[in-house]
file upload18.txt (compact mmCIF, C-alpha atoms and all ligand atoms)
# COMPACT_ATOMS: atom_id res chain seq x y z
CA MET A 1 104.63 297.64 127.33
CA ASP A 2 106.21 300.83 126.18
CA VAL A 3 108.89 300.19 123.60
CA SER A 4 110.65 302.66 121.38
CA LEU A 5 112.62 301.32 118.46
CA LYS A 6 114.64 304.51 118.33
CA LYS A 7 115.91 304.00 121.87
CA LEU A 8 116.35 300.26 121.64
CA PHE A 9 118.71 300.46 118.66
CA LYS A 10 121.65 302.81 118.53
CA GLU A 11 123.60 302.88 115.29
CA ASN A 12 121.72 299.78 114.22
CA LYS A 13 122.97 297.79 117.21
CA PRO A 14 120.63 296.64 120.01
CA THR A 15 121.28 298.51 123.26
CA ALA A 16 121.44 297.13 126.80
CA GLN A 17 117.78 298.06 127.22
CA VAL A 18 116.84 295.30 124.81
CA ASP A 19 117.74 292.76 127.51
CA LYS A 20 115.22 294.37 129.81
CA VAL A 21 112.46 294.13 127.18
CA ILE A 22 113.32 290.48 126.52
CA GLU A 23 113.33 289.69 130.24
CA THR A 24 109.99 291.40 130.86
CA LEU A 25 108.30 289.52 128.05
CA ARG A 26 109.79 286.21 129.15
CA ASN A 27 107.81 286.68 132.35
CA SER A 28 104.61 287.69 130.59
CA PRO A 29 104.62 285.92 127.23
CA GLU A 30 100.97 286.84 126.59
CA LYS A 31 102.20 290.37 125.82
CA ILE A 32 104.50 289.28 122.99
CA GLY A 33 101.89 289.57 120.23
CA PRO A 34 100.76 293.11 121.09
CA THR A 35 104.39 294.22 121.54
CA VAL A 36 105.44 292.88 118.15
CA ALA A 37 102.41 294.52 116.53
CA LYS A 38 103.40 297.83 118.11
CA LEU A 39 107.02 297.50 116.95
CA LEU A 40 105.95 296.85 113.36
CA GLU A 41 103.55 299.81 113.31
CA GLN A 42 106.21 302.00 114.84
CA SER A 43 108.79 300.98 112.25
CA ARG A 44 106.61 302.31 109.42
CA ILE A 45 106.17 305.71 111.07
CA LEU A 46 109.90 305.97 111.70
CA ASP A 47 110.80 304.81 108.17
CA VAL A 48 108.50 307.43 106.63
CA LYS A 49 109.96 310.15 108.87
CA SER A 50 113.56 309.23 108.17
CA ILE A 51 112.98 309.23 104.40
CA GLU A 52 111.09 312.54 104.52
CA ASN A 53 113.85 314.15 106.56
CA GLU A 54 116.45 312.59 104.27
CA GLU A 55 118.12 311.02 107.27
CA GLU A 56 120.44 308.13 106.83
CA ASP A 57 118.20 305.22 105.96
CA ASP A 58 117.93 303.26 109.19
CA ASP A 59 115.52 300.62 107.93
CA TYR A 60 113.40 300.43 111.04
CA LEU A 61 111.36 297.50 109.75
CA ALA A 62 114.49 295.33 109.71
CA GLN A 63 115.20 296.47 113.28
CA ALA A 64 111.67 295.69 114.41
CA LEU A 65 111.94 292.21 112.93
CA GLU A 66 115.35 291.64 114.48
CA LEU A 67 114.09 292.69 117.89
CA SER A 68 110.96 290.55 117.51
CA LEU A 69 113.11 287.51 116.80
CA MET A 70 115.17 288.23 119.95
CA ILE A 71 111.93 288.42 121.93
CA MET A 72 110.79 285.13 120.40
CA CYS A 73 114.06 283.40 121.32
CA GLY A 74 114.24 285.06 124.73
CA THR A 75 117.84 286.10 124.04
CA LYS A 76 119.79 288.66 122.04
CA ASP A 77 122.00 286.00 120.51
CA THR A 78 119.47 284.46 118.16
CA GLU A 79 121.93 282.64 115.88
CA GLU A 80 123.52 280.85 118.84
CA PHE A 81 120.03 280.02 120.13
CA PHE A 82 118.96 278.36 116.84
CA LYS A 83 122.27 276.48 116.58
CA ASP A 84 121.74 275.14 120.09
CA LEU A 85 118.19 273.98 119.22
CA LEU A 86 119.57 272.05 116.25
CA ALA A 87 122.46 270.58 118.26
CA LYS A 88 120.06 269.36 120.95
CA GLY A 89 117.79 267.83 118.31
CA ILE A 90 114.88 270.07 119.39
CA THR A 91 114.61 271.33 115.81
CA LYS A 92 115.46 269.32 112.71
CA VAL A 93 115.77 270.17 109.04
CA ASN A 94 114.59 267.02 107.31
CA VAL A 95 113.69 268.46 103.92
CA CYS A 96 115.86 270.53 101.63
CA GLY A 97 113.57 273.06 99.98
CA THR A 98 116.32 274.86 98.06
CA ILE A 99 114.62 277.16 95.56
CA TRP A 100 115.99 277.29 92.02
CA ASN A 101 116.35 280.16 89.63
CA ASP A 102 116.03 279.77 85.90
CA GLY A 103 119.14 277.97 84.60
CA ASP A 104 120.34 276.48 87.92
CA PRO A 105 121.88 273.00 87.73
CA ALA A 106 120.09 270.09 89.38
CA TYR A 107 119.98 266.29 89.16
CA LYS A 108 117.30 263.95 87.94
CA CYS A 109 117.52 260.30 88.90
CA SER A 110 115.02 257.94 87.30
CA THR A 111 115.83 255.29 89.90
CA CYS A 112 114.83 257.59 92.79
CA GLU A 113 112.16 259.92 91.38
CA LEU A 114 108.48 259.13 91.88
CA ASP A 115 107.48 261.08 88.80
CA SER A 116 109.34 262.59 85.91
CA SER A 117 108.98 266.18 87.14
CA CYS A 118 111.16 265.60 90.24
CA ALA A 119 114.74 266.71 90.76
CA ILE A 120 117.18 267.39 93.59
CA CYS A 121 119.85 270.04 94.09
CA VAL A 122 123.54 269.49 93.46
CA ASP A 123 124.34 269.45 97.21
CA CYS A 124 121.71 266.84 97.99
CA PHE A 125 122.82 264.73 95.05
CA SER A 126 126.47 264.72 96.10
CA GLN A 127 125.56 263.87 99.70
CA GLY A 128 123.30 260.99 98.68
CA ASN A 129 124.01 257.56 97.27
CA HIS A 130 123.08 257.14 93.61
CA ASN A 131 125.67 254.50 92.69
CA GLY A 132 124.44 252.43 89.78
CA HIS A 133 121.36 254.66 89.35
CA LEU A 134 120.14 256.20 86.12
CA TYR A 135 120.80 259.89 86.69
CA LYS A 136 121.71 262.99 84.74
CA MET A 137 122.48 266.63 85.39
CA ILE A 138 119.95 269.13 84.04
CA LYS A 139 119.30 272.85 84.02
CA VAL A 140 115.99 273.78 85.63
CA ALA A 141 113.62 276.64 84.82
CA GLY A 142 112.72 277.14 88.51
CA GLY A 143 111.07 275.07 91.26
CA VAL A 144 112.34 273.50 94.44
CA CYS A 145 114.62 270.60 95.49
CA ASP A 146 112.57 267.45 96.24
CA CYS A 147 115.03 265.88 98.70
CA GLY A 148 113.06 264.82 101.79
CA ASP A 149 109.65 264.76 100.12
CA PHE A 150 108.15 261.27 100.34
CA GLN A 151 105.64 262.21 97.64
CA ALA A 152 108.40 262.97 95.15
CA TRP A 153 111.51 260.93 95.89
CA LYS A 154 112.36 257.45 97.23
CA PRO A 155 113.74 257.74 100.78
CA SER A 156 116.77 255.65 99.74
CA GLY A 157 117.73 258.56 97.47
CA PHE A 158 117.48 261.25 100.16
CA CYS A 159 120.80 262.81 101.09
CA ALA A 160 122.57 262.31 104.42
CA LYS A 161 121.22 265.61 105.79
CA HIS A 162 117.53 265.29 104.91
CA ARG A 163 115.64 262.29 106.20
CA GLY A 164 112.17 263.47 105.16
CA ILE A 165 108.98 264.15 107.09
CA SER A 166 106.37 261.44 106.68
CA GLU A 167 102.71 262.05 107.40
CA GLU A 168 102.74 259.58 110.29
CA GLU A 169 105.73 261.19 111.93
CA THR A 170 105.20 263.11 115.17
CA ASP A 171 104.42 266.75 114.73
CA PRO A 172 107.81 268.56 114.98
CA ILE A 173 106.11 271.46 116.77
CA LYS A 174 105.59 269.22 119.82
CA ALA A 175 109.34 269.26 120.49
CA LEU A 176 109.44 273.04 120.99
CA PRO A 177 109.76 274.27 124.61
CA PRO A 178 106.53 276.00 125.84
CA TYR A 179 107.88 279.57 125.84
CA LEU A 180 109.32 279.24 122.33
CA LEU A 181 106.09 277.73 121.04
CA ALA A 182 103.98 280.54 122.51
CA SER A 183 106.36 283.27 121.40
CA SER A 184 106.82 281.99 117.86
CA GLN A 185 103.07 281.51 117.35
CA GLN A 186 102.35 285.08 118.43
CA LEU A 187 105.24 286.53 116.47
CA LEU A 188 104.26 284.75 113.26
CA GLU A 189 100.66 285.78 113.56
CA GLU A 190 101.60 289.45 113.91
CA VAL A 191 104.13 289.35 111.05
CA LEU A 192 101.60 287.67 108.75
CA LYS A 193 98.89 290.17 109.69
CA TYR A 194 101.28 293.02 109.00
CA LEU A 195 102.28 291.51 105.64
CA ASN A 196 98.59 291.29 104.74
CA LYS A 197 98.02 294.89 105.71
CA ILE A 198 100.83 295.99 103.39
CA LEU A 199 99.88 293.73 100.47
CA VAL A 200 96.27 294.89 100.63
CA SER A 201 97.32 298.53 100.42
CA ILE A 202 99.56 298.06 97.38
CA LYS A 203 97.82 299.71 94.45
CA PRO A 204 97.28 297.22 91.59
CA GLU A 205 99.55 297.70 88.60
CA PRO A 206 97.51 299.16 85.73
CA GLU A 207 97.21 296.86 82.72
CA ASP A 208 98.06 299.76 80.47
CA ALA A 209 101.34 301.44 81.52
CA GLU A 210 100.03 304.83 80.38
CA GLU A 211 97.25 304.66 82.94
CA GLU A 212 99.73 304.95 85.81
CA PRO A 213 97.72 306.46 88.70
CA GLU A 214 98.61 310.00 89.77
CA LEU A 215 100.07 309.83 93.26
CA ASP A 216 101.10 312.71 95.47
CA GLU A 217 104.54 312.66 97.07
CA ARG A 218 103.39 311.05 100.29
CA GLU A 219 101.37 308.37 98.51
CA GLU A 220 104.33 307.58 96.31
CA LEU A 221 106.59 307.23 99.33
CA GLU A 222 104.09 304.90 101.01
CA GLN A 223 103.79 302.88 97.84
CA ASP A 224 107.58 302.49 97.56
CA LEU A 225 107.75 301.44 101.19
CA ASN A 226 104.93 298.95 100.68
CA ASN A 227 106.87 297.32 97.88
CA ARG A 228 110.13 297.33 99.82
CA ASP A 229 108.58 296.13 103.08
CA SER A 230 106.65 293.27 101.55
CA LEU A 231 109.89 291.90 100.08
CA ILE A 232 111.66 292.35 103.44
CA LEU A 233 108.85 290.50 105.25
CA ILE A 234 108.76 287.68 102.71
CA SER A 235 112.49 287.04 102.94
CA TRP A 236 112.27 287.23 106.73
CA LEU A 237 109.57 284.54 106.66
CA GLN A 238 111.74 282.42 104.41
CA ALA A 239 114.69 282.67 106.79
CA PHE A 240 112.28 281.88 109.63
CA TYR A 241 111.18 278.51 108.33
CA GLU A 242 114.58 277.51 107.04
CA ARG A 243 115.57 277.21 110.71
CA GLY A 244 113.69 273.94 111.13
CA ASP A 245 110.74 271.76 110.18
CA ALA A 246 108.86 272.87 113.32
CA PHE A 247 108.98 276.50 112.17
CA ARG A 248 107.96 275.53 108.65
CA ARG A 249 104.96 273.70 110.03
CA LEU A 250 104.13 276.53 112.37
CA LEU A 251 104.05 278.95 109.45
CA ALA A 252 101.80 276.59 107.50
CA GLU A 253 99.46 276.31 110.52
CA THR A 254 99.33 280.00 111.34
CA TRP A 255 98.72 280.92 107.75
CA THR A 256 95.84 278.51 107.28
CA LYS A 257 94.18 278.77 110.72
CA THR A 258 90.60 279.84 110.09
CA GLU A 259 88.39 282.22 111.96
CA ASN A 260 84.87 282.65 110.54
CA ASP A 261 86.03 280.51 107.64
CA GLN A 262 88.76 283.06 106.77
CA SER A 263 92.49 282.56 107.10
CA LEU A 264 95.42 284.96 106.81
CA LEU A 265 96.45 283.17 103.62
CA ASP A 266 93.00 283.80 102.10
CA VAL A 267 93.70 287.53 102.16
CA ILE A 268 96.97 287.13 100.26
CA MET A 269 95.43 284.85 97.68
CA ARG A 270 92.66 287.37 97.11
CA VAL A 271 95.00 290.26 96.29
CA HIS A 272 97.72 288.11 94.73
CA PRO A 273 96.64 288.45 91.06
CA THR A 274 97.16 292.23 91.07
CA LEU A 275 100.45 292.41 92.97
CA PRO A 276 103.67 293.54 91.24
CA SER A 277 105.45 290.62 89.59
CA ASP A 278 108.59 290.72 91.77
CA ILE A 279 106.44 290.31 94.89
CA VAL A 280 104.44 287.49 93.28
CA GLU A 281 107.68 285.74 92.37
CA GLN A 282 108.97 285.95 95.95
CA LEU A 283 105.62 284.83 97.36
CA HIS A 284 105.63 281.75 95.14
CA ALA A 285 109.16 280.94 96.23
CA LEU A 286 107.91 281.21 99.81
CA PHE A 287 105.02 278.80 99.12
CA PHE A 288 107.04 276.06 97.37
CA PRO A 289 108.85 274.60 100.40
CA LEU A 290 105.65 274.87 102.46
CA LEU A 291 104.06 272.41 100.03
CA PHE A 292 106.14 269.70 101.75
CA VAL A 293 103.72 270.07 104.64
CA SER A 294 100.98 267.74 103.53
CA PHE A 295 97.95 269.55 105.01
CA PHE A 296 99.17 272.85 103.55
CA ARG A 297 99.59 271.31 100.10
CA LYS A 298 96.10 269.82 100.16
CA ARG A 299 94.50 273.02 101.39
CA PHE A 300 96.41 275.18 98.92
CA LEU A 301 95.38 272.91 96.05
CA LYS A 302 91.70 272.71 96.99
CA ARG A 303 90.97 276.15 98.31
CA HIS A 304 93.30 278.34 96.28
CA PHE A 305 94.80 276.71 93.25
CA ILE A 306 91.93 274.82 91.63
CA PRO A 307 89.37 277.67 91.89
CA TYR A 308 91.98 280.03 90.44
CA TYR A 309 92.75 277.55 87.68
CA ARG A 310 89.08 277.19 86.81
CA ASP A 311 88.59 280.96 86.60
CA HIS A 312 91.82 282.06 84.94
CA ILE A 313 93.00 279.31 82.63
CA GLU A 314 91.22 280.70 79.58
CA LYS A 315 92.68 284.17 80.06
CA HIS A 316 96.07 282.57 80.69
CA ILE A 317 95.87 280.70 77.39
CA GLU A 318 94.54 283.60 75.37
CA SER A 319 96.94 286.24 76.64
CA GLY A 320 99.99 283.98 76.30
CA ALA A 321 101.46 282.46 79.44
CA ASN A 322 103.21 284.81 81.79
CA GLU A 323 106.23 282.97 83.19
CA LYS A 324 105.76 284.01 86.81
CA GLU A 325 102.04 283.47 87.02
CA MET A 326 100.42 280.96 89.39
CA LEU A 327 99.32 278.81 86.44
CA SER A 328 102.89 278.50 85.19
CA ASP A 329 104.51 277.89 88.58
CA PHE A 330 102.25 275.48 90.44
CA PRO A 331 100.75 272.70 88.25
CA VAL A 332 103.93 270.64 88.37
CA GLN A 333 104.12 271.06 92.18
CA LEU A 334 100.50 270.13 92.80
CA PHE A 335 99.13 267.88 90.05
CA THR A 336 101.94 265.33 90.23
CA VAL A 337 101.49 264.48 93.92
CA ALA A 338 99.90 261.08 94.54
CA ASN A 339 98.20 261.89 97.86
CA CYS A 340 96.23 264.73 96.27
CA THR A 341 94.27 262.66 93.75
CA ASN A 342 91.12 262.61 95.90
CA ILE A 343 91.01 266.39 95.73
CA LEU A 344 91.50 266.29 91.94
CA LYS A 345 88.46 264.01 91.72
CA GLU A 346 86.31 265.99 94.17
CA GLU A 347 87.05 269.24 92.39
CA LYS A 348 86.54 267.70 88.95
CA VAL A 349 89.89 268.78 87.55
CA VAL A 350 89.79 266.24 84.70
CA GLU A 351 86.40 267.61 83.69
CA ILE A 352 87.76 271.18 83.73
CA LEU A 353 90.68 270.19 81.49
CA VAL A 354 88.57 268.29 78.98
CA ASP A 355 86.04 271.07 78.93
CA LYS A 356 88.64 273.79 78.30
CA LEU A 357 90.49 271.75 75.68
CA ASN A 358 87.19 271.10 73.94
CA ALA A 359 86.42 274.82 73.98
CA ILE A 360 89.78 275.66 72.37
CA LEU A 361 89.34 273.11 69.60
CA ALA A 362 85.74 274.18 69.00
CA LYS A 363 86.87 277.78 68.65
CA ALA A 364 89.46 276.75 66.09
CA ALA A 365 87.12 274.46 64.10
CA THR A 366 85.81 275.29 60.66
CA ILE A 367 83.61 273.40 58.20
CA LYS A 368 85.82 271.13 56.17
CA ASP A 369 83.25 269.40 54.04
CA ASP A 370 79.74 270.76 53.60
CA GLN A 371 78.73 268.19 51.01
CA LEU A 372 77.94 265.64 53.68
CA LYS A 373 74.54 265.20 55.31
CA GLU A 374 76.02 266.69 58.47
CA PRO A 375 78.80 269.18 57.63
CA LEU A 376 82.22 267.90 58.76
CA MET A 377 83.91 270.23 61.22
CA THR A 378 87.62 270.05 61.71
CA VAL A 379 90.24 272.07 63.55
CA ASP A 380 92.10 274.61 61.46
CA PRO A 381 95.82 274.31 62.34
CA GLU A 382 96.40 277.89 61.19
CA GLU A 383 94.13 279.29 63.94
CA ASP A 384 96.19 281.30 66.46
CA LEU A 385 95.27 279.15 69.46
CA ILE A 386 96.47 276.03 67.68
CA PHE A 387 99.36 277.55 65.79
CA ASP A 388 100.75 279.16 68.98
CA ARG A 389 100.21 275.93 70.91
CA GLY A 390 97.77 277.61 73.29
CA TYR A 391 96.58 274.16 74.35
CA PHE A 392 100.03 273.27 75.64
CA ARG A 393 99.35 274.23 79.29
CA LEU A 394 96.25 272.04 79.31
CA THR A 395 97.84 269.03 77.63
CA THR A 396 100.85 269.25 79.95
CA ASP A 397 98.61 269.38 83.02
CA PHE A 398 96.58 266.51 81.63
CA SER A 399 99.69 264.36 81.38
CA TYR A 400 100.64 265.21 85.00
CA ILE A 401 97.22 264.13 86.19
CA LEU A 402 96.97 260.97 84.11
CA SER A 403 100.35 259.82 85.45
CA HIS A 404 98.37 258.64 88.52
CA LYS A 405 96.79 255.27 87.86
CA ASP A 406 93.61 256.06 89.76
CA MET A 407 93.18 259.28 87.79
CA ALA A 408 93.57 257.41 84.51
CA ASN A 409 90.84 255.02 85.70
CA TYR A 410 88.68 257.95 86.68
CA PHE A 411 89.16 259.54 83.27
CA ILE A 412 88.01 256.45 81.44
CA TYR A 413 85.32 255.02 83.70
CA HIS A 414 83.88 257.82 85.81
CA ASN A 415 80.18 258.44 85.40
CA ASN A 416 79.87 255.58 82.91
CA GLY A 417 82.59 257.04 80.73
CA ALA A 418 80.96 260.46 80.37
CA VAL A 419 84.27 262.36 80.63
CA PHE A 420 85.91 259.97 78.21
CA TYR A 421 83.01 260.47 75.82
CA GLU A 422 83.65 264.23 75.85
CA TRP A 423 87.30 263.53 75.12
CA CYS A 424 86.33 261.37 72.13
CA LYS A 425 84.17 264.18 70.76
CA MET A 426 87.27 266.34 70.86
CA LEU A 427 89.29 263.75 68.97
CA GLN A 428 86.56 263.77 66.37
CA LEU A 429 87.10 267.51 65.85
CA ALA A 430 90.80 266.96 65.45
CA GLN A 431 90.35 264.44 62.64
CA GLY A 432 91.63 265.64 59.31
CA MET A 433 93.92 268.36 60.61
CA THR A 434 97.68 268.11 60.28
CA ASN A 435 99.67 266.37 62.95
CA GLN A 436 100.64 269.58 64.70
CA LEU A 437 98.54 268.82 67.75
CA THR A 438 100.84 266.79 69.89
ZN ZN B 501 118.51 269.89 98.04
ZN ZN B 502 118.97 266.70 100.77
ZN ZN B 503 119.09 257.92 92.65

call {"tool": "encode", "arguments": {"input": "upload18.txt", "output": "structure tokens", "more": "lines below"}}
Ligand SMILES: [Zn+2]
Ligand SMILES: [Zn+2]
Ligand SMILES: [Zn+2]
result
Amino acid sequence: MDVSLKKLFKENKPTAQVDKVIETLRNSPEKIGPTVAKLLEQSRILDVKSIENEEEDDDYLAQALELSLMIMCGTKDTEEFFKDLLAKGITKVNVCGTIWNDGDPAYKCSTCELDSSCAICVDCFSQGNHNGHLYKMIKVAGGVCDCGDFQAWKPSGFCAKHRGISEEETDPIKALPPYLLASSQQLLEEVLKYLNKILVSIKPEPEDAEEEPELDEREELEQDLNNRDSLILISWLQAFYERGDAFRRLLAETWTKTENDQSLLDVIMRVHPTLPSDIVEQLHALFFPLLFVSFFRKRFLKRHFIPYYRDHIEKHIESGANEKEMLSDFPVQLFTVANCTNILKEEKVVEILVDKLNAILAKAATIKDDQLKEPLMTVDPEEDLIFDRGYFRLTTDFSYILSHKDMANYFIYHNNGAVFYEWCKMLQLAQGMTNQLT
């Protein structure tokens, strides 16, 4: 179908012709995907032109996304459409997923939490019943509200709005009418593909600021648009799944669907370490509420997080933790969840931790007494890695993992106590040092 963004929007408002486009696609929904793809491609060409000609910034990407959402809903009045879905109970929002910034207030309730890392937002707390509970207000460093997550919070402590999604519960996608299901699947797939295309073409930030690559004017413009557009797409995706659990699940499914063992999410995770930090921060915020979807959480942990952890933890420790890095943001979201312990065992996470801790202590060990038959090695507390508490990430993650009873059993008994034996060797190295290692 021939669509022209320029004609369909006048002064940023959709024209009467938009109705015609919506109507045509309602009758041939198989064309939605290709049309959305065309709109997104077109928006980039128009955005480049309008910036080069110093026209008023029209932001064609935002228009393309707005129009795509109208096509998905089959109506121009998308807000009314989503309200109606909620009112009819076709979509539900059973988990909160509010994302916190550093310093935001939240509540902890030791009567309701399933582990000590959990918290809920102020709204959810005031709309729930915590009479007689042991609760306190805290300031958080980031993260996401746990209200509605059966893996984090007792259902009796959920608020009146969020009833939670259990694993046994019927798939919320099944409640979507056939046209909406088909249109939203196609739309999401195209938006995610387009996001990938942009993220892949973002030039990695040089480690040394003086090595900034020389870009010509056009390349610089494209680079600026890549940065801007990825943030626009990410916040669009966030707004998309906040409209209901069905849309959240649909995003999780579309992102992880594999073809030749590759998914759209795989592409993002591959380029993710070299993306600019503001994009990484927004991407992480986009992932957090998706972790409520059990299959997404398990897949993310196994396929993306643990391999990354294994490969990057040493660099992370040595270079000093970067606040917005994957290894700072995700351990508390992933290692504390009880239904993920099988993956922790399969992927030998305890072994990785003991191994890395051992390596740190060995690096910091010196000969304390060479008069003995075998010289006595002990950790030097003045060594940078020890003095700067470089081991802190590992010991924190260790305590998350050992908070699960079956993981504690695994740690002690697995393979006839081989892991535990390694741990004891480490304790041996720590003998004789000061009590700084906590
Ligand atoms: Zn909340
Ligand atoms: Zn809530
Ligand atoms: Zn409570």

call {"tool": "residues_near_ligand", "arguments": {"input": "upload18.txt", "ligand": "ligand ZN 502 (chain B)", "cutoff": "10 Å", "atoms": "all atoms listed in the file", "output": "ChimeraX atom specification"}}
result
/A:93-98,120-128,145-149,157-164

call {"tool": "residues_near_ligand", "arguments": {"input": "upload18.txt", "ligand": "ligand ZN 503 (chain B)", "cutoff": "7 Å", "atoms": "all atoms listed in the file", "output": "PDB file with C-alpha atoms, keeping the file's coordinate frame"}}
result
ATOM      1  CA  CYS A 109     117.520 260.300  88.900  1.00  0.00           C
ATOM      2  CA  SER A 110     115.020 257.940  87.300  1.00  0.00           C
ATOM      3  CA  THR A 111     115.830 255.290  89.900  1.00  0.00           C
ATOM      4  CA  CYS A 112     114.830 257.590  92.790  1.00  0.00           C
ATOM      5  CA  ASN A 129     124.010 257.560  97.270  1.00  0.00           C
ATOM      6  CA  HIS A 130     123.080 257.140  93.610  1.00  0.00           C
ATOM      7  CA  HIS A 133     121.360 254.660  89.350  1.00  0.00           C
ATOM      8  CA  LEU A 134     120.140 256.200  86.120  1.00  0.00           C
ATOM      9  CA  TYR A 135     120.800 259.890  86.690  1.00  0.00           C
ATOM     10  CA  GLY A 157     117.730 258.560  97.470  1.00  0.00           C
TER      11      GLY A 157
END

call {"tool": "closest_residue", "arguments": {"input": "upload18.txt", "among": "A:Ala246, A:Val379, A:Leu357, A:Leu199", "to": "Val267 in chain A", "atoms": "all atoms listed in the file"}}
result
A:Leu199

call {"tool": "closest_residue", "arguments": {"input": "upload18.txt", "among": "A:Ile45, A:Leu215, A:Leu25, A:Ile360", "to": "Ile386 in chain A", "atoms": "all atoms listed in the file"}}
result
A:Ile360

call {"tool": "residues_around", "arguments": {"input": "upload18.txt", "residues": "Ala182 in chain A", "least_positions_apart": "5", "cutoff": "12 Å", "atoms": "all atoms listed in the file", "output": "ChimeraX atom specification"}}
result
/A:25-26,28-33,71-74,173-174,176-177,187-189,250

call {"tool": "residues_around", "arguments": {"input": "upload18.txt", "residues": "Glu11 in chain A", "least_positions_apart": "2", "cutoff": "12 Å", "atoms": "only C-alpha atoms", "output": "JSON, numbers by chain"}}
result
{"A": [5, 6, 7, 8, 9, 13, 14, 15, 56, 57, 58, 59, 60, 63]}

call {"tool": "write_last_selection", "arguments": {"input": "upload18.txt", "atoms": "C-alpha atoms", "output": "PDB file, in the frame of the given file"}}
result
ATOM      1  CA  LEU A   5     112.620 301.320 118.460  1.00  0.00           C
ATOM      2  CA  LYS A   6     114.640 304.510 118.330  1.00  0.00           C
ATOM      3  CA  LYS A   7     115.910 304.000 121.870  1.00  0.00           C
ATOM      4  CA  LEU A   8     116.350 300.260 121.640  1.00  0.00           C
ATOM      5  CA  PHE A   9     118.710 300.460 118.660  1.00  0.00           C
ATOM      6  CA  LYS A  13     122.970 297.790 117.210  1.00  0.00           C
ATOM      7  CA  PRO A  14     120.630 296.640 120.010  1.00  0.00           C
ATOM      8  CA  THR A  15     121.280 298.510 123.260  1.00  0.00           C
ATOM      9  CA  GLU A  56     120.440 308.130 106.830  1.00  0.00           C
ATOM     10  CA  ASP A  57     118.200 305.220 105.960  1.00  0.00           C
ATOM     11  CA  ASP A  58     117.930 303.260 109.190  1.00  0.00           C
ATOM     12  CA  ASP A  59     115.520 300.620 107.930  1.00  0.00           C
ATOM     13  CA  TYR A  60     113.400 300.430 111.040  1.00  0.00           C
ATOM     14  CA  GLN A  63     115.200 296.470 113.280  1.00  0.00           C
TER      15      GLN A  63
END

call {"tool": "closest_residue", "arguments": {"input": "upload18.txt", "among": "A:Leu385, A:Leu180, A:Val48, A:Val144", "to": "ligand ZN 501 (chain B)", "atoms": "all atoms listed in the file"}}
result
A:Val144

call {"tool": "atom_distance", "arguments": {"input": "upload18.txt", "atom1": "CA of Phe150 in chain A", "atom2": "CA of Thr254 in chain A"}}
result
23.4 Å

call {"tool": "residues_near_point", "arguments": {"input": "upload18.txt", "point": "(93.9, 265.2, 84.4)", "cutoff": "10 Å", "atoms": "all atoms listed in the file", "output": "MDAnalysis selection string"}}
result
chainID A and resid 335:336 341 344:345 348:354 394:404 407:408 410:411

call {"tool": "build_atoms", "arguments": {"input": "upload18.txt", "residues": "range 292-303 of chain A", "atoms": "N, CA and C atoms", "output": "PDB file, keeping the file's coordinate frame"}}
result
ATOM      1  N   PHE A 292     105.704 270.964 101.150  1.00  0.00           N
ATOM      2  CA  PHE A 292     106.140 269.700 101.750  1.00  0.00           C
ATOM      3  C   PHE A 292     105.239 269.327 102.924  1.00  0.00           C
ATOM      4  N   VAL A 293     104.614 270.333 103.508  1.00  0.00           N
ATOM      5  CA  VAL A 293     103.720 270.070 104.640  1.00  0.00           C
ATOM      6  C   VAL A 293     102.384 269.637 104.042  1.00  0.00           C
ATOM      7  N   SER A 294     102.081 268.349 104.258  1.00  0.00           N
ATOM      8  CA  SER A 294     100.980 267.740 103.530  1.00  0.00           C
ATOM      9  C   SER A 294      99.647 268.492 103.650  1.00  0.00           C
ATOM     10  N   PHE A 295      99.269 268.897 104.873  1.00  0.00           N
ATOM     11  CA  PHE A 295      97.950 269.550 105.010  1.00  0.00           C
ATOM     12  C   PHE A 295      97.929 270.896 104.286  1.00  0.00           C
ATOM     13  N   PHE A 296      99.096 271.558 104.241  1.00  0.00           N
ATOM     14  CA  PHE A 296      99.170 272.850 103.550  1.00  0.00           C
ATOM     15  C   PHE A 296      98.996 272.629 102.042  1.00  0.00           C
ATOM     16  N   ARG A 297      99.673 271.602 101.534  1.00  0.00           N
ATOM     17  CA  ARG A 297      99.590 271.310 100.100  1.00  0.00           C
ATOM     18  C   ARG A 297      98.150 271.023  99.689  1.00  0.00           C
ATOM     19  N   LYS A 298      97.472 270.192 100.511  1.00  0.00           N
ATOM     20  CA  LYS A 298      96.100 269.820 100.160  1.00  0.00           C
ATOM     21  C   LYS A 298      95.181 271.041 100.210  1.00  0.00           C
ATOM     22  N   ARG A 299      95.360 271.841 101.249  1.00  0.00           N
ATOM     23  CA  ARG A 299      94.500 273.020 101.390  1.00  0.00           C
ATOM     24  C   ARG A 299      94.769 274.025 100.262  1.00  0.00           C
ATOM     25  N   PHE A 300      96.035 274.222  99.964  1.00  0.00           N
ATOM     26  CA  PHE A 300      96.410 275.180  98.920  1.00  0.00           C
ATOM     27  C   PHE A 300      95.802 274.746  97.577  1.00  0.00           C
ATOM     28  N   LEU A 301      95.905 273.446  97.309  1.00  0.00           N
ATOM     29  CA  LEU A 301      95.380 272.910  96.050  1.00  0.00           C
ATOM     30  C   LEU A 301      93.866 273.106  95.972  1.00  0.00           C
ATOM     31  N   LYS A 302      93.168 272.714  97.031  1.00  0.00           N
ATOM     32  CA  LYS A 302      91.700 272.710  96.990  1.00  0.00           C
ATOM     33  C   LYS A 302      91.112 274.122  97.085  1.00  0.00           C
ATOM     34  N   ARG A 303      91.619 274.874  98.018  1.00  0.00           N
ATOM     35  CA  ARG A 303      90.970 276.150  98.310  1.00  0.00           C
ATOM     36  C   ARG A 303      91.476 277.293  97.425  1.00  0.00           C
TER      37      ARG A 303
END
